[in-house]
Structure formats: structure tokens, C-alpha cells
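S.K.: Structure incoming, see below.
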Amino acid sequence: MTDWLHHLMILPILLPLMVGAAMIPIDERNRMAKGVMGFVSTLALFVLSMVLMRASASTEGFLAGTSVYQLGNWPAPFGIVLVLDRLSALMLCLTSGLALAAQVYSIARWHTAGHHFHSLFQLLIAGLNGAFLTGDLFNLFVFFEIMLAASYGLLLHGSGPLRVKAGLHYVAINLAASSLFLIGVSLIYGATGTLNMADLAVKLATISPENRQMVEVGAGVLGVAFLVKAGMWPLSFWLPTAYSAATPPVAAVFAVLTKVGIYVILRLSLLVFGANAGVSAGFGQTLLVVGGMLTIAFGAIGVLASQAMARLAAYSVLVSSGTLMAAIGLGHSSMIAGALFYLVSSTLTISAFFLLIELVERGRDAGADVLAVTMEAYGDADEDEEVDEAGAAIPGTMAVLGLCFCLCALLLAGLPPLSGFVAKFAILSGLFGLSGPEAAPAISAADWTYVTLLILSGLSAMIAMNRVGIRTFWASIENTVPRVFVIEIAPVVVLLGACIFLSLQAGPTMHYMQATADSLLDPSGYTQRVLRAPRAGGQ
Amino acid sequence: MEIILSAAIGVLTASGVYLLLRPRTYQVIIGLSLLSYAVNLFIFSMGRLRVNAPPILEPGGVGDLSRYTDPVPQALVLTAIVIGFAMTALFLVVLLASRGFTGTDHVDGREQRSD
């Protein structure tokens with residue numbers, strides 16, 4: 001028995017936690033050493049998450065399917081468990097991929113803008129990975145707080161009035177959301193006497209009516225906390241300011257932060273309020289549909305109204321979140337696979353776009369733009385940094401940047417032939433029942449509204465990207481060509497390359513997503529694996 | 001006892017939310033602290049209120065659940081207190097940085113014209 005291989009499951013949390021802690025005593029003058037340590041750690045994580053994803057996709061061998069890691073060797077409802085399945089493996093992979101790109105990018109220049117960048121970065125990854133792996137609600141809270149604490153530090157990285165102001169709002173709203181999280185968790189515990197997600201799903205089927213009400217209230221409060229993270233419309237006004245004020249590598253990795261909220265909502269709504277939940281099945285779906293659609297509309301209007309590119313990207317985050325929320329809320333089981341594909345594709349695109357923006361805007365004069373909101377952030381405070389140690393500048397800068405920008409525009413708008421189009425097509429074909437097992441479900445008014453909004457949001461992204469592109473690349477007032485280094489453009493190219501890879505390998509990828517969706521739609525498989533997992537070393 | 005506790009939670013929450021919506025950063029931080037006290041009491045009450053019942057087993061007392069109170073919420077409260085305290089300290093630093101940059105303690109970094 002390859003027992004030690006089982007411990008690979010906890011490594012995505014332990015490795016960044018330890019590397020992040022080990023970096024703290026190292027002097028800031030050895031920033032490059034820290035950068036290399038962080039890079040090696042993130043690279044190892046990326047390889048590890050690939051291995052875990054392969055393992056969880058296989059049907060036999062180590063860590064096949066849904067696997068359970070009992071912390072302290074306590075069995076499930078009493079001890080805390082980590083659960084690795086296809087969905088969490090997918091999220092691990094996405095996170096470490098993005099983190100790798102952002103980290104390489106930061107080594108060129110941005111990690112010099114403040115202290116402890118690489119430590120905070122590793123701790124953020126540890127929190128994210130923990131949130132994806134845990135199978136316990138309170139443990140989820142703890143990992144959320146680790147992630148948020150690191151994200152506060154990272155948002156403030158580089159300092160300056162704009163970032164501090166955005167950070168103040170971001171911290172305040174997330175502290176309030178954490179209070180809601182705790183209220184929701186304790187209500188659920190008070191009603192069911194359990195915090196384990198699998199145990200909760202089982203207990204909800206046979207719960208008394210008055211306790212059921214309490215669980216639903218708890219789930220509602222808990223849901224609000226996640227929707228704040230995911231950026232649902234009335235709860236999302238902090239997001240564009242915070243994301244556009246953050247330094248580019250931080251903004252790039254923040255793109256996956258909203259997806260944590262989406263991940264938890266997807267996980268809990270299908271597990272706890274799935275088909276087996278009896279009366280509570282489908283709890284909160286109407287709210288998700290309405291809220292999701294309003295978020296798409298708000299995001300699309302924001303995209304059109306943005307003058308600065310960073311705000312455009314931040315509003316694209318909202319569009320992407322809204323699309324996913326409404327797709328989860330509509331509750332067609334055939335749409336989940338497409339939504340997962342969209343999640344991966346849109347997160348990669350937005351991250352690449354955040355990294356690209358700073359490169360494009362670097363050479364430009366701060367006063368040249370109509371609205372210099374983000375210019376302030378990128379202007380004076382950081383300009384005086386010496387950056388000539390970062391390596392060779394690339395030739396044909398504007399051509400490369402322009403090409404990357406075009407790819408971003410195609411991906412954000414969802415035009416063929418790239419993965420943005422494939423993702424939206426997969427969602428829509430699931431909606432119309434073109435690919436699912438059930439033949440052509442009835443299309444409701446909500447479905448039609450969703451289809452319309454999805455296509456209109458693509459159109460607004462296209463218009464906005466065209467306008468910004470023309471202003472930046474064709475009708476630029478001054479002719480300064482930014483100095484861009486190879487290690488800065490490489491992460492952008494790699495992220496966009498991943499999107500192209502997703503489009504080329506759309507078949508196998510959709511196959512994986514479909515299997516993931518199938519396992520999510522069958523919660524009893526998950527609950528049985530968690531609750532009946534044997535303890536290590538025999539009984 | 002139930003009335004006193006629920007009134008305490010209610011008053012703390014109401015004051016916390018009121019202060020959270022005020023325009024001064026100091027009011028916001030006090031509001032957040034009050035809110036976290038309310039939440040801590042609330043978590044505690046979710047284990048049901050019991051008087052004179054320890055949360056850990058005594059020698060010889062195993063098996064008689066009526067003599068004990070639920071230990072889980074107490075552990076949760078402890079975690080929540082620690083995390084809440086750390087976050088408040090962090091917020092205080094951001095608050096001071098904002099005060100240093102903008103010269104005002106308004107949450108938007110500038111005074112409203114007709115306040």
C-alpha cells in the first residue's frame with residue numbers, strides 16, 4: 001500500500017505555508033532569493049496539483065475519485081477532513097497556474113514596491129488551497145481568513161493613497177462579511193449539530209421543520225458572505241476600485257479570489273441543497289439567478305463606462321462572476337460542465353489582461369488619458385524604482401503587446417475561435433439541451449433573459465476593448481514605446497497560451513468538466529466517501 | 001438569562017451596525033469590534049445555554065450527557081476571538097496609514113463639502 005502518497009493531499013496547504021513562514025526572517029535586501037524560493041515553491045505546487053488532478057480523474061490507483069484526508073486521524077463527523085475530488089483538484093491547478101504566472105511577473109519589478117511580497121503571496125496560496133480542499137465549514141472560515149489576511153497585505157503592497165483608500169474599504173467590507181460567515185456557520189451548527197459538509201448534507205434530509213428553517217436562515221446568511229467575495233451586484237461596489245488599485249501581479253491573482261466564493265456556492269448548493277435535500281432542494285436558486293443577471297448587467301455597463309483599462313478588467317471580473325452565479329442558479333444540470341469550463345477560461349483571460357495592462361500603459365504619460373484614476377496608482381510612487389536588473393527587453397514590443405491585447409479582447413468577448421467562445425457555447429448548448437442526456441428541457445423566461453444578457457455582455461466587452469485598443473495602439477498621442485522585459489511578457493503569453501490550449505483541447509477538457517459535473521450532481525457519492533473513510537493504520 | 005443574553009447580542013449588533021455606517025474610520029473600527037463581540041456571544045449561545053455544566057468530561061462522569069455543555073461552540077468562539085482580534089489590529093494599521101496619507105479620518109479620504 002502506497003500509504004505515504006496519501007499525504008500528498010495536504011501538501012498544497014503545508015508547502016506554501018512553510019515556505020511563506022521561512023521567508024519572513026530573510027532580509028528584504030535578498031529579495032531575489034525570496035523570489036526564487038517562492039518561484040520554486042509555486043512551481044512545485046503546480047506540478048503537484050497536476051499530479052493530483054490526474055489522480056482524481058482516474059478510476060483506480062492512489063487518490064482516485066474522491067479521497068479523504070483525516071487530520072489527526074479522527075473519522076469524519078468528529079474530526080476535520082480534507083477532501084480532494086475533481087472540482088477541488090481543478091481549482092488547485094487553476095490557482096497554482098495563475099500564481100506561477102503572477103509570481104514570475106512580479107520578480108521583474110513589482111516585488112520591489114514593498115516588504116514581504118513573496119511571504120504574503122505564499123500565504124495567500126496556502127489559504128486558497130485550504131479553502132478548496134477542506135470539507136468542514138468552520139475550517140473553511142479559518143482558511144478564508146488566512147487568505148483574506150494575506151490579501152489585505154497584498155492589496156496594500158506598493159502603498160500610496162489610492163491603494164490605502166481601496167484597502168480600507170476592502171478590509172472593512174470583508175470584516176463585516178466574516179461576521180456574517182460566523183453567524184451562518186453557528187446557526188447551522190445550532191440546528192444540525194455538525195459542521196462537516198458531508199454530514200450536514202445527510203442530516204438535512206431527516207431534520208425537523210423548525211430546525212430546517214434555522215438551517216435555511218443560516219445558509220442564507222452564509223451565502224451572503226460568499227456572495228460578497230464573489231461580487232454579486234448590490235454587494236460588489238468595492239470590487240472595481242480594489243482590483244484596479246492593486247498592483248498588477250496582485251490583481252492577476254485576485255481574479256481567482258472571486259472564484260473562491262463561486263466555488264463554495266457551487267459546492268454547497270449542489271451538495272447540501274442538491275437533489276437529495278427533500279424540501280430544501282434548490283434553496284436560494286432564484287436569488288442566484290436574479291442576482292447573477294443583475295451582476296452581468298452591472299458589469300457590462302461598467303465595462304462600457306470604463307475609461308481606464310484596469311477598471312475595464314475589474315468590471316470583467318464582475319461579468320464573469322455574474323455569468324457563473326446565474327448559471328448555477330438556473331439549475332440545469334447540463335449547464336454545470338460548461339460553467340466550469342467558463343470559470344477556468346475567464347479566470348485565465350482576466351489574469352492575463354491584468355498583467356498586460358500595466359505593460360501597455362507603462363510608457364504613457366499619466367496626463368494623457370481622459371480619466372487618470374489608475375494612472376495615479378501607476379505614476380509617481382513607483383516610477384522612481386530602478387529596474388535595469390530584470391533582463392533583456394523584447395524586440396517589436398508594440399507588435400507583441402498588440403497581439404496579446406487582441407487575444408484578450410477575443411477571449412473576453414467570447415468570439416470564435418478561442419476558449420471564451422467555446423465556454424459560452426458550452427453553457428448555451430447545455431441550456432438548450434443540445435448535449436445533455438435529457439431531451440430539450442422547457443426554456444423559461446429566465447433562461448431567455450440569461451441568454452440575452454450573456455450575448456450582450458460579450459458585445460459590450462467587444463465595444464469597450466475595441467475603443468481602448470484603438471486609443472492605445474492606433475491613435476496613441478505620444479509615441480513612447482514601453483520597455484518590456486521577457487520575464488514580464490512571458491507570463492502573459494503563457495496564460496493566453498493556456499487559453500489557446502483549452503480551445504484546441506476543448507474535447508478532452510469538456511470531458512473532464514462533464515465528469516466533474518456528474519460527480520457534483522451525485523452528492524451521495526461524496527458523502528459516503530467522506531463519512532465511511534477508514535482511519536489510517538487500520539481501525 | 002435567555003432574555004439578558006439575547007438583549008445583549010441585539011444591542012451590540014445594532015450599535016455595531018450603526019457605527020459601521022458612520023463616516024469616521026474610528027467609528028467604523030469600534031463598530032466592527034462591537035459586531036464581533038455580538039457574533040462571539042451568538043456562537044456561544046448556539047451551543048444552548050447551560051449553567052454550572054463544564055464543557056469537558058470529569059473522571060467517572062463519562063456517558064451522562066446531561067451533566068455537560070457542548071464544547072464545540074466554545075472552541076469556535078476561541079478561534080473567532082483570536083482571528084477577530086488580529087483583523088482588528090490589522091485594520092487599525094490601515095486606518096492610521098489612511099490618516100497619514102489623506103490628513104483626515106473620513107472613510108473616503110476627504111471631507112464632504114456640506115457636512
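Scheme for the C-alpha cells: letters A, B, ... for chains in order shown; per-chain residue numbers from 1; ligand numbers from 1 in order shown.
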Chain A residues within 12 Å of chain B, counting only C-alpha atoms: which ones, as a VMD selection string?
M.R.: chain A and resid 78 to 79 137 to 139 141 to 146 148 to 153 155 to 157 159 to 195 214 218
S.K.: Have a look at A:Thr397, A:Thr509, A:Ser106, A:Asn276 and name the one nearest to Lys203 of chain A; count only C-alpha atoms.
M.R.: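 Answer, going by the shortest atom-to-atom distance: A:Asn276.
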S.K.: What separation in Å, quoted to one decimal, exists between atom CA of Gly396 of chain A and atom CA of Val493 of chain A?
M.R.: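 Going from atom CA of Gly396 of chain A over to atom CA of Val493 of chain A covers 14.6 Å.
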S.K.: Report, in Å with one decimal, the straight-line distance from atom CA of Val303 of chain A to atom CA of Pro234 of chain A.
M.R.: 16.7 Å
S.K.: Apply DSSP to the backbone of this structure and, from segment 117-364 of chain A, keep only the residues in helix (DSSP H, G or I); write these as a PDB file with C-alpha atoms, in the first residue's frame.
M.R.:
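Written file, out.pdb:
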ATOM      1  CA  PHE A 117       5.614  40.442  -1.003  1.00  0.00           C
ATOM      2  CA  HIS A 118       6.644  36.827  -1.523  1.00  0.00           C
ATOM      3  CA  SER A 119       5.700  35.698   2.004  1.00  0.00           C
ATOM      4  CA  LEU A 120       2.226  37.184   1.686  1.00  0.00           C
ATOM      5  CA  PHE A 121       1.914  35.660  -1.752  1.00  0.00           C
ATOM      6  CA  GLN A 122       2.688  32.169  -0.436  1.00  0.00           C
ATOM      7  CA  LEU A 123       0.281  32.598   2.484  1.00  0.00           C
ATOM      8  CA  LEU A 124      -2.450  33.683   0.070  1.00  0.00           C
ATOM      9  CA  ILE A 125      -1.904  30.487  -1.927  1.00  0.00           C
ATOM     10  CA  ALA A 126      -1.998  28.427   1.278  1.00  0.00           C
ATOM     11  CA  GLY A 127      -5.331  29.980   2.242  1.00  0.00           C
ATOM     12  CA  LEU A 128      -6.783  29.488  -1.233  1.00  0.00           C
ATOM     13  CA  ASN A 129      -5.689  25.859  -1.441  1.00  0.00           C
ATOM     14  CA  GLY A 130      -7.059  25.205   2.042  1.00  0.00           C
ATOM     15  CA  ALA A 131     -10.427  26.695   1.123  1.00  0.00           C
ATOM     16  CA  PHE A 132     -10.583  24.434  -1.924  1.00  0.00           C
ATOM     17  CA  LEU A 133      -9.598  21.292  -0.035  1.00  0.00           C
ATOM     18  CA  LEU A 137     -17.428  24.653   7.376  1.00  0.00           C
ATOM     19  CA  PHE A 138     -15.517  26.180  10.272  1.00  0.00           C
ATOM     20  CA  ASN A 139     -12.211  25.102   8.793  1.00  0.00           C
ATOM     21  CA  LEU A 140     -13.344  26.871   5.634  1.00  0.00           C
ATOM     22  CA  PHE A 141     -13.752  30.032   7.714  1.00  0.00           C
ATOM     23  CA  VAL A 142     -10.215  29.713   9.039  1.00  0.00           C
ATOM     24  CA  PHE A 143      -8.742  29.263   5.554  1.00  0.00           C
ATOM     25  CA  PHE A 144     -10.846  32.165   4.299  1.00  0.00           C
ATOM     26  CA  GLU A 145      -9.332  34.353   6.994  1.00  0.00           C
ATOM     27  CA  ILE A 146      -5.786  33.237   6.121  1.00  0.00           C
ATOM     28  CA  MET A 147      -6.494  34.052   2.510  1.00  0.00           C
ATOM     29  CA  LEU A 148      -8.087  37.409   3.363  1.00  0.00           C
ATOM     30  CA  ALA A 149      -5.364  38.468   5.785  1.00  0.00           C
ATOM     31  CA  ALA A 150      -2.767  37.837   3.080  1.00  0.00           C
ATOM     32  CA  SER A 151      -4.914  39.602   0.501  1.00  0.00           C
ATOM     33  CA  TYR A 152      -5.165  42.730   2.701  1.00  0.00           C
ATOM     34  CA  GLY A 153      -1.383  42.863   2.802  1.00  0.00           C
ATOM     35  CA  LEU A 154      -1.077  42.263  -0.920  1.00  0.00           C
ATOM     36  CA  LEU A 155      -3.668  44.883  -1.828  1.00  0.00           C
ATOM     37  CA  PRO A 161      -3.137  56.983  -1.092  1.00  0.00           C
ATOM     38  CA  LEU A 162      -5.240  55.215  -3.718  1.00  0.00           C
ATOM     39  CA  ARG A 163      -4.344  51.717  -2.554  1.00  0.00           C
ATOM     40  CA  VAL A 164      -4.723  52.586   1.126  1.00  0.00           C
ATOM     41  CA  LYS A 165      -8.175  54.030   0.491  1.00  0.00           C
ATOM     42  CA  ALA A 166      -9.246  50.998  -1.547  1.00  0.00           C
ATOM     43  CA  GLY A 167      -7.672  48.751   1.091  1.00  0.00           C
ATOM     44  CA  LEU A 168      -9.602  50.465   3.885  1.00  0.00           C
ATOM     45  CA  HIS A 169     -12.899  49.767   2.152  1.00  0.00           C
ATOM     46  CA  TYR A 170     -11.854  46.237   1.228  1.00  0.00           C
ATOM     47  CA  VAL A 171     -10.844  45.348   4.797  1.00  0.00           C
ATOM     48  CA  ALA A 172     -13.995  46.865   6.298  1.00  0.00           C
ATOM     49  CA  ILE A 173     -16.379  45.054   3.982  1.00  0.00           C
ATOM     50  CA  ASN A 174     -14.581  41.745   4.372  1.00  0.00           C
ATOM     51  CA  LEU A 175     -14.560  42.007   8.171  1.00  0.00           C
ATOM     52  CA  ALA A 176     -18.310  42.593   8.108  1.00  0.00           C
ATOM     53  CA  ALA A 177     -18.698  39.627   5.735  1.00  0.00           C
ATOM     54  CA  SER A 178     -16.636  37.461   8.085  1.00  0.00           C
ATOM     55  CA  SER A 179     -19.083  38.273  10.886  1.00  0.00           C
ATOM     56  CA  LEU A 180     -21.916  37.094   8.652  1.00  0.00           C
ATOM     57  CA  PHE A 181     -19.932  33.947   7.845  1.00  0.00           C
ATOM     58  CA  LEU A 182     -19.634  33.161  11.569  1.00  0.00           C
ATOM     59  CA  ILE A 183     -23.331  33.822  12.220  1.00  0.00           C
ATOM     60  CA  GLY A 184     -24.286  31.495   9.356  1.00  0.00           C
ATOM     61  CA  VAL A 185     -21.939  28.729  10.461  1.00  0.00           C
ATOM     62  CA  SER A 186     -23.090  28.884  14.081  1.00  0.00           C
ATOM     63  CA  LEU A 187     -26.778  28.854  13.076  1.00  0.00           C
ATOM     64  CA  ILE A 188     -26.158  25.744  11.015  1.00  0.00           C
ATOM     65  CA  TYR A 189     -24.280  24.156  13.891  1.00  0.00           C
ATOM     66  CA  GLY A 190     -27.029  25.101  16.342  1.00  0.00           C
ATOM     67  CA  ALA A 191     -29.671  23.449  14.174  1.00  0.00           C
ATOM     68  CA  THR A 192     -27.892  20.320  12.992  1.00  0.00           C
ATOM     69  CA  MET A 197     -20.308  19.382   4.900  1.00  0.00           C
ATOM     70  CA  ALA A 198     -20.999  15.746   4.060  1.00  0.00           C
ATOM     71  CA  ASP A 199     -22.610  15.050   7.428  1.00  0.00           C
ATOM     72  CA  LEU A 200     -24.697  18.202   7.045  1.00  0.00           C
ATOM     73  CA  ALA A 201     -25.977  17.017   3.659  1.00  0.00           C
ATOM     74  CA  VAL A 202     -27.033  13.683   5.178  1.00  0.00           C
ATOM     75  CA  LYS A 203     -28.643  15.210   8.276  1.00  0.00           C
ATOM     76  CA  LEU A 204     -30.631  17.791   6.346  1.00  0.00           C
ATOM     77  CA  PRO A 209     -39.245  21.505  10.229  1.00  0.00           C
ATOM     78  CA  GLU A 210     -38.292  24.159  12.800  1.00  0.00           C
ATOM     79  CA  ASN A 211     -34.642  23.185  12.623  1.00  0.00           C
ATOM     80  CA  ARG A 212     -34.841  23.160   8.850  1.00  0.00           C
ATOM     81  CA  GLN A 213     -35.908  26.788   8.969  1.00  0.00           C
ATOM     82  CA  MET A 214     -32.914  27.611  11.119  1.00  0.00           C
ATOM     83  CA  VAL A 215     -30.566  25.828   8.710  1.00  0.00           C
ATOM     84  CA  GLU A 216     -32.044  27.743   5.806  1.00  0.00           C
ATOM     85  CA  VAL A 217     -31.630  31.058   7.604  1.00  0.00           C
ATOM     86  CA  GLY A 218     -28.041  30.064   8.404  1.00  0.00           C
ATOM     87  CA  ALA A 219     -27.390  29.059   4.815  1.00  0.00           C
ATOM     88  CA  GLY A 220     -28.840  32.359   3.635  1.00  0.00           C
ATOM     89  CA  VAL A 221     -26.572  34.394   5.913  1.00  0.00           C
ATOM     90  CA  LEU A 222     -23.610  32.231   4.933  1.00  0.00           C
ATOM     91  CA  GLY A 223     -24.495  32.709   1.278  1.00  0.00           C
ATOM     92  CA  VAL A 224     -24.377  36.499   1.650  1.00  0.00           C
ATOM     93  CA  ALA A 225     -20.824  36.216   2.986  1.00  0.00           C
ATOM     94  CA  PHE A 226     -19.772  34.199  -0.082  1.00  0.00           C
ATOM     95  CA  LEU A 227     -21.631  36.482  -2.462  1.00  0.00           C
ATOM     96  CA  VAL A 228     -19.684  39.454  -1.095  1.00  0.00           C
ATOM     97  CA  LYS A 229     -16.480  37.620  -2.087  1.00  0.00           C
ATOM     98  CA  ALA A 230     -17.938  36.618  -5.441  1.00  0.00           C
ATOM     99  CA  TRP A 233     -24.406  43.110  -7.690  1.00  0.00           C
ATOM    100  CA  PRO A 234     -25.539  45.042  -4.635  1.00  0.00           C
ATOM    101  CA  LEU A 235     -22.561  43.679  -2.694  1.00  0.00           C
ATOM    102  CA  TRP A 238     -15.932  47.681  -3.501  1.00  0.00           C
ATOM    103  CA  LEU A 239     -14.587  45.331  -6.159  1.00  0.00           C
ATOM    104  CA  PRO A 240     -13.723  47.531  -9.180  1.00  0.00           C
ATOM    105  CA  THR A 241     -11.892  50.092  -7.034  1.00  0.00           C
ATOM    106  CA  ALA A 242      -9.956  47.489  -5.070  1.00  0.00           C
ATOM    107  CA  TYR A 243      -8.962  45.402  -8.080  1.00  0.00           C
ATOM    108  CA  SER A 244      -7.935  48.337 -10.229  1.00  0.00           C
ATOM    109  CA  ALA A 245      -5.900  49.870  -7.407  1.00  0.00           C
ATOM    110  CA  PRO A 248      -0.767  44.063 -11.492  1.00  0.00           C
ATOM    111  CA  PRO A 249       0.569  40.713 -10.195  1.00  0.00           C
ATOM    112  CA  VAL A 250      -1.735  41.016  -7.178  1.00  0.00           C
ATOM    113  CA  ALA A 251      -4.755  41.887  -9.316  1.00  0.00           C
ATOM    114  CA  ALA A 252      -3.941  38.899 -11.525  1.00  0.00           C
ATOM    115  CA  VAL A 253      -4.084  36.507  -8.611  1.00  0.00           C
ATOM    116  CA  PHE A 254      -7.116  38.300  -7.134  1.00  0.00           C
ATOM    117  CA  LEU A 257     -10.316  35.207  -5.264  1.00  0.00           C
ATOM    118  CA  THR A 258     -13.836  35.909  -6.528  1.00  0.00           C
ATOM    119  CA  LYS A 259     -13.904  32.362  -7.831  1.00  0.00           C
ATOM    120  CA  VAL A 260     -13.479  31.050  -4.271  1.00  0.00           C
ATOM    121  CA  GLY A 261     -16.918  32.464  -3.482  1.00  0.00           C
ATOM    122  CA  ILE A 262     -18.289  30.859  -6.645  1.00  0.00           C
ATOM    123  CA  TYR A 263     -16.595  27.566  -5.781  1.00  0.00           C
ATOM    124  CA  VAL A 264     -18.121  27.413  -2.289  1.00  0.00           C
ATOM    125  CA  ILE A 265     -21.578  28.322  -3.577  1.00  0.00           C
ATOM    126  CA  LEU A 266     -21.333  25.653  -6.284  1.00  0.00           C
ATOM    127  CA  ARG A 267     -20.051  23.067  -3.839  1.00  0.00           C
ATOM    128  CA  LEU A 268     -22.567  23.736  -1.059  1.00  0.00           C
ATOM    129  CA  SER A 269     -25.627  24.310  -3.207  1.00  0.00           C
ATOM    130  CA  LEU A 270     -25.135  21.023  -5.047  1.00  0.00           C
ATOM    131  CA  LEU A 271     -24.023  19.045  -2.013  1.00  0.00           C
ATOM    132  CA  ALA A 275     -31.450  16.530  -5.287  1.00  0.00           C
ATOM    133  CA  ASN A 276     -31.356  14.586  -2.002  1.00  0.00           C
ATOM    134  CA  ALA A 277     -32.251  17.549   0.214  1.00  0.00           C
ATOM    135  CA  GLY A 278     -36.014  16.946   0.203  1.00  0.00           C
ATOM    136  CA  VAL A 279     -37.992  20.130   0.848  1.00  0.00           C
ATOM    137  CA  SER A 280     -34.903  22.322   0.836  1.00  0.00           C
ATOM    138  CA  GLN A 285     -31.601  29.474  -6.618  1.00  0.00           C
ATOM    139  CA  THR A 286     -33.972  32.295  -7.511  1.00  0.00           C
ATOM    140  CA  LEU A 287     -31.771  34.759  -5.673  1.00  0.00           C
ATOM    141  CA  LEU A 288     -28.695  33.475  -7.503  1.00  0.00           C
ATOM    142  CA  VAL A 289     -30.398  33.807 -10.892  1.00  0.00           C
ATOM    143  CA  VAL A 290     -31.700  37.322 -10.302  1.00  0.00           C
ATOM    144  CA  GLY A 291     -28.533  38.489  -8.561  1.00  0.00           C
ATOM    145  CA  GLY A 292     -26.322  36.883 -11.185  1.00  0.00           C
ATOM    146  CA  MET A 293     -28.159  38.538 -14.036  1.00  0.00           C
ATOM    147  CA  LEU A 294     -28.101  41.942 -12.336  1.00  0.00           C
ATOM    148  CA  THR A 295     -24.367  41.434 -11.822  1.00  0.00           C
ATOM    149  CA  ILE A 296     -23.869  40.697 -15.518  1.00  0.00           C
ATOM    150  CA  ALA A 297     -25.846  43.832 -16.417  1.00  0.00           C
ATOM    151  CA  PHE A 298     -23.958  45.994 -13.905  1.00  0.00           C
ATOM    152  CA  GLY A 299     -20.622  44.556 -15.040  1.00  0.00           C
ATOM    153  CA  ALA A 300     -21.417  45.068 -18.726  1.00  0.00           C
ATOM    154  CA  ILE A 301     -22.441  48.697 -18.161  1.00  0.00           C
ATOM    155  CA  GLY A 302     -19.310  49.185 -16.089  1.00  0.00           C
ATOM    156  CA  VAL A 303     -17.168  47.721 -18.872  1.00  0.00           C
ATOM    157  CA  LEU A 304     -18.681  50.172 -21.342  1.00  0.00           C
ATOM    158  CA  ALA A 305     -18.287  53.123 -18.993  1.00  0.00           C
ATOM    159  CA  MET A 309      -8.114  49.670 -18.670  1.00  0.00           C
ATOM    160  CA  ALA A 310      -7.702  48.400 -15.108  1.00  0.00           C
ATOM    161  CA  ARG A 311     -11.298  49.312 -14.308  1.00  0.00           C
ATOM    162  CA  LEU A 312     -12.402  47.613 -17.502  1.00  0.00           C
ATOM    163  CA  ALA A 313     -10.687  44.445 -16.344  1.00  0.00           C
ATOM    164  CA  ALA A 314     -12.220  44.755 -12.869  1.00  0.00           C
ATOM    165  CA  TYR A 315     -15.707  45.040 -14.330  1.00  0.00           C
ATOM    166  CA  SER A 316     -14.947  41.999 -16.498  1.00  0.00           C
ATOM    167  CA  VAL A 317     -14.396  40.121 -13.236  1.00  0.00           C
ATOM    168  CA  LEU A 318     -17.967  41.042 -12.280  1.00  0.00           C
ATOM    169  CA  VAL A 319     -19.346  39.899 -15.632  1.00  0.00           C
ATOM    170  CA  SER A 320     -17.569  36.585 -15.239  1.00  0.00           C
ATOM    171  CA  SER A 321     -18.863  36.147 -11.661  1.00  0.00           C
ATOM    172  CA  GLY A 322     -22.411  37.039 -12.637  1.00  0.00           C
ATOM    173  CA  THR A 323     -22.390  34.603 -15.546  1.00  0.00           C
ATOM    174  CA  LEU A 324     -21.329  31.789 -13.223  1.00  0.00           C
ATOM    175  CA  MET A 325     -23.785  32.690 -10.442  1.00  0.00           C
ATOM    176  CA  ALA A 326     -26.741  32.758 -12.801  1.00  0.00           C
ATOM    177  CA  ALA A 327     -25.581  29.525 -14.464  1.00  0.00           C
ATOM    178  CA  ILE A 328     -25.503  27.813 -11.055  1.00  0.00           C
ATOM    179  CA  GLY A 329     -28.839  29.329 -10.083  1.00  0.00           C
ATOM    180  CA  LEU A 330     -30.709  28.294 -13.231  1.00  0.00           C
ATOM    181  CA  SER A 333     -27.655  20.029 -14.586  1.00  0.00           C
ATOM    182  CA  SER A 334     -26.435  20.093 -18.183  1.00  0.00           C
ATOM    183  CA  MET A 335     -25.044  23.618 -17.753  1.00  0.00           C
ATOM    184  CA  ILE A 336     -22.619  22.874 -14.929  1.00  0.00           C
ATOM    185  CA  ALA A 337     -19.896  21.426 -17.164  1.00  0.00           C
ATOM    186  CA  GLY A 338     -19.994  24.461 -19.445  1.00  0.00           C
ATOM    187  CA  ALA A 339     -19.943  26.780 -16.453  1.00  0.00           C
ATOM    188  CA  LEU A 340     -16.807  25.073 -15.114  1.00  0.00           C
ATOM    189  CA  PHE A 341     -15.118  25.473 -18.491  1.00  0.00           C
ATOM    190  CA  TYR A 342     -16.115  29.142 -18.470  1.00  0.00           C
ATOM    191  CA  LEU A 343     -14.728  29.546 -14.946  1.00  0.00           C
ATOM    192  CA  VAL A 344     -11.275  28.315 -15.990  1.00  0.00           C
ATOM    193  CA  SER A 345     -11.187  30.174 -19.285  1.00  0.00           C
ATOM    194  CA  SER A 346     -12.432  33.529 -17.958  1.00  0.00           C
ATOM    195  CA  THR A 347     -10.135  33.468 -14.925  1.00  0.00           C
ATOM    196  CA  LEU A 348      -7.067  32.808 -17.095  1.00  0.00           C
ATOM    197  CA  THR A 349      -8.090  35.574 -19.506  1.00  0.00           C
ATOM    198  CA  ILE A 350      -8.726  38.209 -16.859  1.00  0.00           C
ATOM    199  CA  SER A 351      -5.447  37.430 -15.113  1.00  0.00           C
ATOM    200  CA  ALA A 352      -3.536  37.749 -18.366  1.00  0.00           C
ATOM    201  CA  PHE A 353      -5.334  41.012 -19.056  1.00  0.00           C
ATOM    202  CA  PHE A 354      -4.444  42.476 -15.645  1.00  0.00           C
ATOM    203  CA  LEU A 355      -0.781  41.637 -16.256  1.00  0.00           C
ATOM    204  CA  LEU A 356      -0.894  43.047 -19.776  1.00  0.00           C
ATOM    205  CA  ILE A 357      -2.484  46.382 -18.824  1.00  0.00           C
ATOM    206  CA  GLU A 358       0.477  47.629 -16.884  1.00  0.00           C
ATOM    207  CA  LEU A 359       2.872  46.744 -19.711  1.00  0.00           C
ATOM    208  CA  VAL A 360       0.774  48.620 -22.238  1.00  0.00           C
ATOM    209  CA  GLU A 361       0.280  51.663 -20.057  1.00  0.00           C
TER     210      GLU A 361
END
S.K.: Fewer than 6 positions away in the same chain doesn't count, so skip those; otherwise give me all residues within 12 Å of Met32 of chain A, counting only C-alpha atoms, as a count of residues only.
M.R.: 18
S.K.: Can you work out the spacing between atom CA of Ser444 of chain A and atom CA of Leu415 of chain A in Å, to one decimal?
M.R.: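 Between atom CA of Ser444 of chain A and atom CA of Leu415 of chain A the gap is 25.7 Å.
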S.K.: Which of these residues is nearest to Gln27 of chain B, using only C-alpha atoms: B:Ala7, B:Arg50, B:Leu65, B:Ser15?
M.R.: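 Smallest separation from Gln27 of chain B among the options: B:Ser15.
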